Structure formats: C-alpha cells, structure tokens
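Participant: My questions will all concern the structure given below.
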Amino acid sequence: MTVKSTARARKKAAPGVPDSLATGKDAPAELVQLLTPEGERVEHPDYPLTITPEELRSLYRDLVLVRRFDAEATALQRQGELGLWASLLGQEAAQVGSGRAMRENDYAFPTYREHGVAWCRGVDPLNLLGMFRGVNHGGWDPNEKNFHLYTIVIGSQTLHATGYAMGITKDGADDAVIAYFGDGASSQGDVNEAFTFASVYNAPVVFFCQNNQWAISEPTTTQTRIPLYRRASGFGFPGVRVDGNDVLACLAVTRWALDRARSGSGPVLIEAFTYRMGAHTTSDDPTRYRANEETEAWKAKDPISRLKALLEREELADADFFAAVEAESETLGLRVREGVRSMPDPDATLIFDHVYAEPHALVAEERAEYVAYAESFEGGE
Ligand SMILES: Cc1ncc(C[n+]2csc(CCOP(=O)(O)OP(=O)(O)O)c2C)c(N)n1
C-alpha cells in the first residue's frame with residue numbers, strides 16, 4: 001500500500017454515518033476499561049478482575065521491558081544493524097494484557113508486530129531480531145513456545161489459527177488459540193473466511209484485532225463504516241471493544257474470551273482500540289499522512305504511565321521497585337545491542353536446504369552452481 005494524498009487519508013465516513021461511529025473515537029460506552037488514562041481503577045460489570053499487587057508490578061515490568069527492547073530495535077535498525085523493524089510503540093498494553101491472559105498450552109498466531117506477545121510466550125528478543133537482521137527465519141521453535149512464526153502476509157494467520165483451533169476440538173483438548181491481526185487486515189478475504197469457519201465449527205479461537213488506527217497510510221475509515229468489533233455479530237459470535245492502552249482491561253477481556261472458547265462456546269472478536277505511536281515500519285514516514293495533533297492526543301493515553309500512576313497512587317510499588325525495573329531495562333538493552341552486533345552471518349548455502357523437505361536434483365544443481373560462483377572470488381569460499 002502506498003502513501004495516499006491527505007485528502008484521501010482524511011476521507012469521511014459514508015453519508016449518515018458519523019466519523020465518530022466509524023472510528024469509535026466518541027464511543028466510550030462501548031469501550032471496556034478497567035484503568036483510566038489517569039491511572040484510576042474502574043470496575044466493569046461484565047469483566048471483573050481480581051489482581052494482586054505483585055501481578056500489577058509484574059505487568060508493569062513487562063510493559064517497560066517490552067518498550068525498551070522495541071526502542072533498542074528501532075535504534076539498531078537506524079544504525080544499519082537490522083534490515084527493518086516494525087515497532088510496537090503504543091501497543092504494549094494490548095500485547096502484554098492479551099499475552100498474559102493465555103495459559104501455557106494456548107497457542108498464539110502473530111503478525112510481524114507482536115513482540116510483546118512473543119515476550120509473554122518466552123521467546124528471546126534476540127530470536128526476533130535475528131529475523132529482522134536476516135540471519136534466521138524466526139529462530140524459535142513454535143511448538144515449544146506455542147507462538148507461531150511471524151506472518152507477513154496480511155491476515156493469513158487467522159486461517160492458520162482457525163485450522164489449529166479446529167484441530168484442538170478434534171483432539172478433545174481444552175486449549176484455546178489467539179489470532180492477532182490489524183485493522184487493515186480486517187478487510188482481507190482470509191480474515192472473513194476465518195470468521196466463517198471459526199463460527200460454524202465453533203472453533204476455540206479468539207480473534208484479537210489491534211485497531212491501531214492505521215494500515216500503513218490508510219486510516220480505519222477506509223476499512224470500515226462501523227466499529228470493527230461489531231462485524232462479529234454478522235458472523236454469529238460476540239465482539240468486544242476494549243481499551244487497548246489499558247493492560248488490565250485487555251487481560252480481563254482476553255481471559256474471558258479464551259475461557260469461553262475453551263469451554264466450547266466458540267470464537268470471540270476482541271477489538272483492542274489503540275494507536276501506533278511510531279511509523280508503520282522503519283521504512284515509513286508517518287508525517288506524510290497523519291497529523292501530529294493526533295499522535296500527541298494519544299500520548300495522554302500512554303499504557304505505561306497509567307499503570308505507573310496506579311502503582312504510585314495506591315502505594316503498591318516504591319522507588320526501589322521502579323529503580324530495579326529501570327536497571328533491568330538497561331541490562332536488557334545492553335544484551336540486545338551486543339547480541340545483535342555479534343550475530344554470525346549464516347552460511348549462504350543454507351538457503352538451499354529449506355526449499356523442499358526431501359533432496360531435489362534441481363536444487364542440488366543450483367547449490368553447486370552457487371558454491372562454484374562464490375569460490376570464483378578471491379578469498380571466496
Ligand atoms: C496480503 C498482503 N497484502 C499487502 C501487504 C502489504 N502490507 C504490509 S503491512 C500492511 C498494512 C497492515 O495494516 P494492519 O493490518 O492495520 O496492521 P498494522 O501494520 O497496522 O499492525 C500492508 C497492506 C502484505 N504484507 N500482505
């Protein structure tokens with residue numbers, strides 16, 4: 001998708017459909033929230049959450065470390081150490097809240113931006129960075145972490161997730177699956193097909209849409225005339241819009257949806273209403289298509305500062321705790337920087353090893369040709 005003119009990007013909703021309905025910007029009644037931007041705990045009758053101070057501190061630690069790792073990755077790309085980076089800045093709460101709602105045997109199917117979910121599943125950040133450096137294809141065992149490989153083909157992982165969830169039902173297991181995708185992906189045929197299959201087969205899958213307001217340069221108004229979560233009703237399953245910058249609401253709603261799915265009640269669509277604070281990827285310049293005031297307004301809804309405000313107000317964490325998290329974040333930053341810079345380049349012939357599962361004469365010929373070519377250079381091997 002390319003950068004469109006400002007006029008196109010600012011396209012209005014259909015006649016009779018206010019922008020606020022299409023984007024949900026003025027629809028607080030629809031938004032499940034347990035923690036206000038000011039850091040006040042609020043209750044929601046449908047999504048109660050009992051949480052200990054220790055769990056709150058642990059969520060805060062996750063949010064800070066994930067943001068730090070993401071910031072390091074952006075800097076490493078700018079220094080030429082990574083080919084590309086898709087920042088999660090602003091979406092930490094949606095990812096940590098939903099990621100921490102999963103049980104060990106649940107399975108996540110991510111896009112290319114779910115670094116916070118990867119963190120929750122125990123995937124080492126260096127594995128993710130290896131992929132963006134071009135030295136591995138992910139580097140983690142999906143079946144060990146129950147976290148599938150990153151998927152760049154928009155929306156296709158929703159079908160993989162649905163098929164996996166249908167398999168869980170056939171196995172008689174009580175696990176559940178989360179399929180992550182974006183607001184732009186909601187327009188893809190694959191996503192709508194996944195909704196249909198999941199619904200009619202009652203598959204234990206939670207569709208977790210991070211509506212970060214932009215699909216590269218396309219605003220949500222070019223994807224939908226109604227709030228995205230309402231699409232679910234047309235497919236015959238519930239949809240919920242949650243404050244995607246509220247880690248507690250994301251945790252409670254996702255936990256509810258996963259439990260509902262594993263108990264045999266079928267899929268749920270969660271629309272986590274959030275904002276992509278950075279560029280789409282490091283190859284994009286968002287100032288070309290969106291207004292600075294919009295980004296500034298979302299800064300006031302920052303997911304980390306609201307949890308910090310709660311911890312401070314309720315005196316659930318002291319200065320030593322915040323200093324310890326900061327120190328841990330420094331250590332992580334250092335490990336990430338050193339780890340990336342010291343990653344060995346892979347043997348170029350490895351690319352021929354994964355073309356087919358079985359040996360193939362044509363691939364062997366191409367491999368031999370490449371080896372001879374590489375050796376023809378002085379010092380080549
Ligand atoms: C099938 C397909 N079409 C187009 C693209 C190019 N593309 C990469 S990211 C992107 C936008 C995705 O937006 P969204 O689903 O909202 O997710 P976000 O990147 O905002 O997290 C597009 C169109 C692609 N990768 N795959």
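Ordered as shown in the structure tokens, chains take letters A, B, and onward, while each chain numbers its residues from 1 and ligands are numbered from 1 in the order shown.
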Could you name the residues that touch stretch 73-89 of chain A at 9 Å or less, counting only C-alpha atoms, but leaving out those on the same chain fewer than 4 positions away, as a ChimeraX atom specification?

Facilitator: /A:66-69,95,112-116,129-134,275-283,336-337,340-341

Participant: Find the residues near A:Thr162: any atom within 7 Å, counting only C-alpha atoms, skip ones fewer than 6 places away on the same chain, and give them as a PyMOL selection string.

Facilitator: chain A and resi 194+198+203+205

Participant: Which residues are near A:Leu159? Cut-off 12 Å, only C-alpha atoms, ignore same chain within fewer than 5 positions. Put them as an NGL selection string.

Facilitator: :A and (109-110 or 151 or 153-154 or 164-166 or 177-181 or 188-198 or 203 or 205-207)

Participant: Find the residues of chain A that sit at most 6 Å from ligand 1; for each, write down the nearest two atoms and how far apart they are in Å, to one decimal. Count only C-alpha atoms and all ligand atoms. Sort by chain, then by number going up, and give it as a tab-separated table.

Facilitator:
residue	atom	partner	partner_atom_place_in_ligand_line	distance
A:Met1	CA	ligand 1	23 (C)	5.0
A:Ile152	CA	ligand 1	25 (N)	5.0
A:Val153	CA	ligand 1	26 (N)	3.8
A:Ile154	CA	ligand 1	26 (N)	4.0
A:Phe181	CA	ligand 1	15 (O)	5.8
A:Gly182	CA	ligand 1	15 (O)	3.4
A:Asp183	CA	ligand 1	16 (O)	4.0
A:Gly184	CA	ligand 1	16 (O)	3.5
A:Ala185	CA	ligand 1	15 (O)	3.8
A:Asn212	CA	ligand 1	20 (O)	5.8
A:Trp214	CA	ligand 1	20 (O)	5.3
A:Ala215	CA	ligand 1	13 (O)	3.4
A:Ile216	CA	ligand 1	11 (C)	5.1
A:His280	CA	ligand 1	19 (O)	5.8

Participant: Now that the selection is made, can you save its residues with C-alpha atoms as a JSON list (two decimals), in the first residue's frame?

Facilitator:
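Saved as again.json:
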[["chain", "number", "residue", "atom", "x", "y", "z"],
["A", 1, "MET", "CA", 0.00, 0.00, 0.00],
["A", 152, "ILE", "CA", 3.95, -11.01, 6.88],
["A", 153, "VAL", "CA", 1.11, -11.99, 4.52],
["A", 154, "ILE", "CA", -1.64, -9.84, 5.97],
["A", 181, "PHE", "CA", -4.26, -9.10, 13.23],
["A", 182, "GLY", "CA", -4.66, -5.42, 12.48],
["A", 183, "ASP", "CA", -7.47, -3.10, 11.40],
["A", 184, "GLY", "CA", -6.15, -3.19, 7.83],
["A", 185, "ALA", "CA", -6.19, -6.99, 7.85],
["A", 212, "ASN", "CA", -4.03, 0.95, 15.87],
["A", 214, "TRP", "CA", -3.67, 2.99, 10.61],
["A", 215, "ALA", "CA", -2.82, 0.37, 8.00],
["A", 216, "ILE", "CA", 0.37, 1.98, 6.79],
["A", 280, "HIS", "CA", 4.40, 1.52, 10.33]]

Participant: Using DSSP on the backbone coordinates, identify all residues within stretch 95-301 of chain A classified as strand (DSSP E); present the result as a ChimeraX atom specification.

Facilitator: /A:107-109,177-182,205-211,214-215,218-219,239-243,268-273

Participant: Need the shell around stretch 309-316 of chain A: protein/DNA/RNA residues with any atom at most 8 Å away, counting only C-alpha atoms. Skip same-chain ones fewer than 5 positions apart. Format as an MDAnalysis selection string?

Facilitator: chainID A and resid 38:41 53 56:57

Participant: DSSP says helix (DSSP H, G or I) for which residues of stretch 86-332 of chain A? Put them as a ChimeraX atom specification?

Facilitator: /A:92-101,115-120,125-133,142-145,156-171,185-187,189-200,220-222,228-235,247-265,286-288,292-299,303-313,319-332

Participant: Taking only C-alpha atoms into account, which of A:Ser217, A:Asn127, A:Thr158, A:Asn245 comes nearest A:Arg306?

Facilitator: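 Between A:Ser217, A:Asn127, A:Thr158, A:Asn245, the residue approaching A:Arg306 most closely is A:Asn245.
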
Participant: Looking at only C-alpha atoms, which of A:His360, A:His148, A:Arg231, A:His44 is the one that sits closest to A:Leu31?

Facilitator: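 Using only C-alpha atoms, A:Leu31 sits closest to A:His44.
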
Participant: Could you make a table, as JSON lines, of the residues of stretch 322-351 of chain A that have an atom within 12 Å of an atom of stretch 369-378 of chain A, each with its nearest atom pair and distance in Å to one decimal, counting only C-alpha atoms, in chain and number order?

Facilitator:
{"residue": "A:Asp347", "atom": "CA", "partner": "A:Val371", "partner_atom": "CA", "distance": 10.9}
{"residue": "A:Ala348", "atom": "CA", "partner": "A:Val371", "partner_atom": "CA", "distance": 9.1}
{"residue": "A:Thr349", "atom": "CA", "partner": "A:Val371", "partner_atom": "CA", "distance": 7.5}
{"residue": "A:Leu350", "atom": "CA", "partner": "A:Val371", "partner_atom": "CA", "distance": 11.3}
{"residue": "A:Ile351", "atom": "CA", "partner": "A:Tyr370", "partner_atom": "CA", "distance": 10.8}

Participant: Find the spatial neighbours of A:Leu228, counting only C-alpha atoms, within a cut-off of 10 Å - ignore same-chain residues fewer than 6 positions away - and output them as a list of chain:residue names.

Facilitator: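 Non-adjacent residues within range: A:Ala22, A:Thr23, A:Gly24, A:Asp183, A:Ser186, A:Cys209, A:Asn211, A:Thr220, A:Gly239, A:Val240, A:Arg241, A:Leu269, A:Ile270, A:Glu271, A:Ala272, A:Phe273.
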
Participant: Would you save the residues of that selection, restricted to C-alpha atoms, as a PDB file, in the first residue's frame?

Facilitator:
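Written out: out_2.pdb:
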ATOM      1  CA  ALA A  22     -16.862   4.609  12.080  1.00  0.00           C
ATOM      2  CA  THR A  23     -13.801   5.214  14.194  1.00  0.00           C
ATOM      3  CA  GLY A  24     -15.361   4.793  17.620  1.00  0.00           C
ATOM      4  CA  ASP A 183      -7.468  -3.099  11.402  1.00  0.00           C
ATOM      5  CA  SER A 186      -9.886  -6.941   8.734  1.00  0.00           C
ATOM      6  CA  CYS A 209      -7.607  -7.178  16.367  1.00  0.00           C
ATOM      7  CA  ASN A 211      -7.016  -1.408  15.844  1.00  0.00           C
ATOM      8  CA  THR A 220      -9.542   2.947   9.765  1.00  0.00           C
ATOM      9  CA  GLY A 239     -17.439  -8.854  19.564  1.00  0.00           C
ATOM     10  CA  VAL A 240     -15.995  -6.647  22.311  1.00  0.00           C
ATOM     11  CA  ARG A 241     -14.165  -3.351  22.047  1.00  0.00           C
ATOM     12  CA  LEU A 269     -13.645 -10.949  18.279  1.00  0.00           C
ATOM     13  CA  ILE A 270     -11.768  -8.508  20.504  1.00  0.00           C
ATOM     14  CA  GLU A 271     -11.043  -5.107  19.049  1.00  0.00           C
ATOM     15  CA  ALA A 272      -8.277  -3.527  21.108  1.00  0.00           C
ATOM     16  CA  PHE A 273      -8.662   0.189  20.441  1.00  0.00           C
TER      17      PHE A 273
END
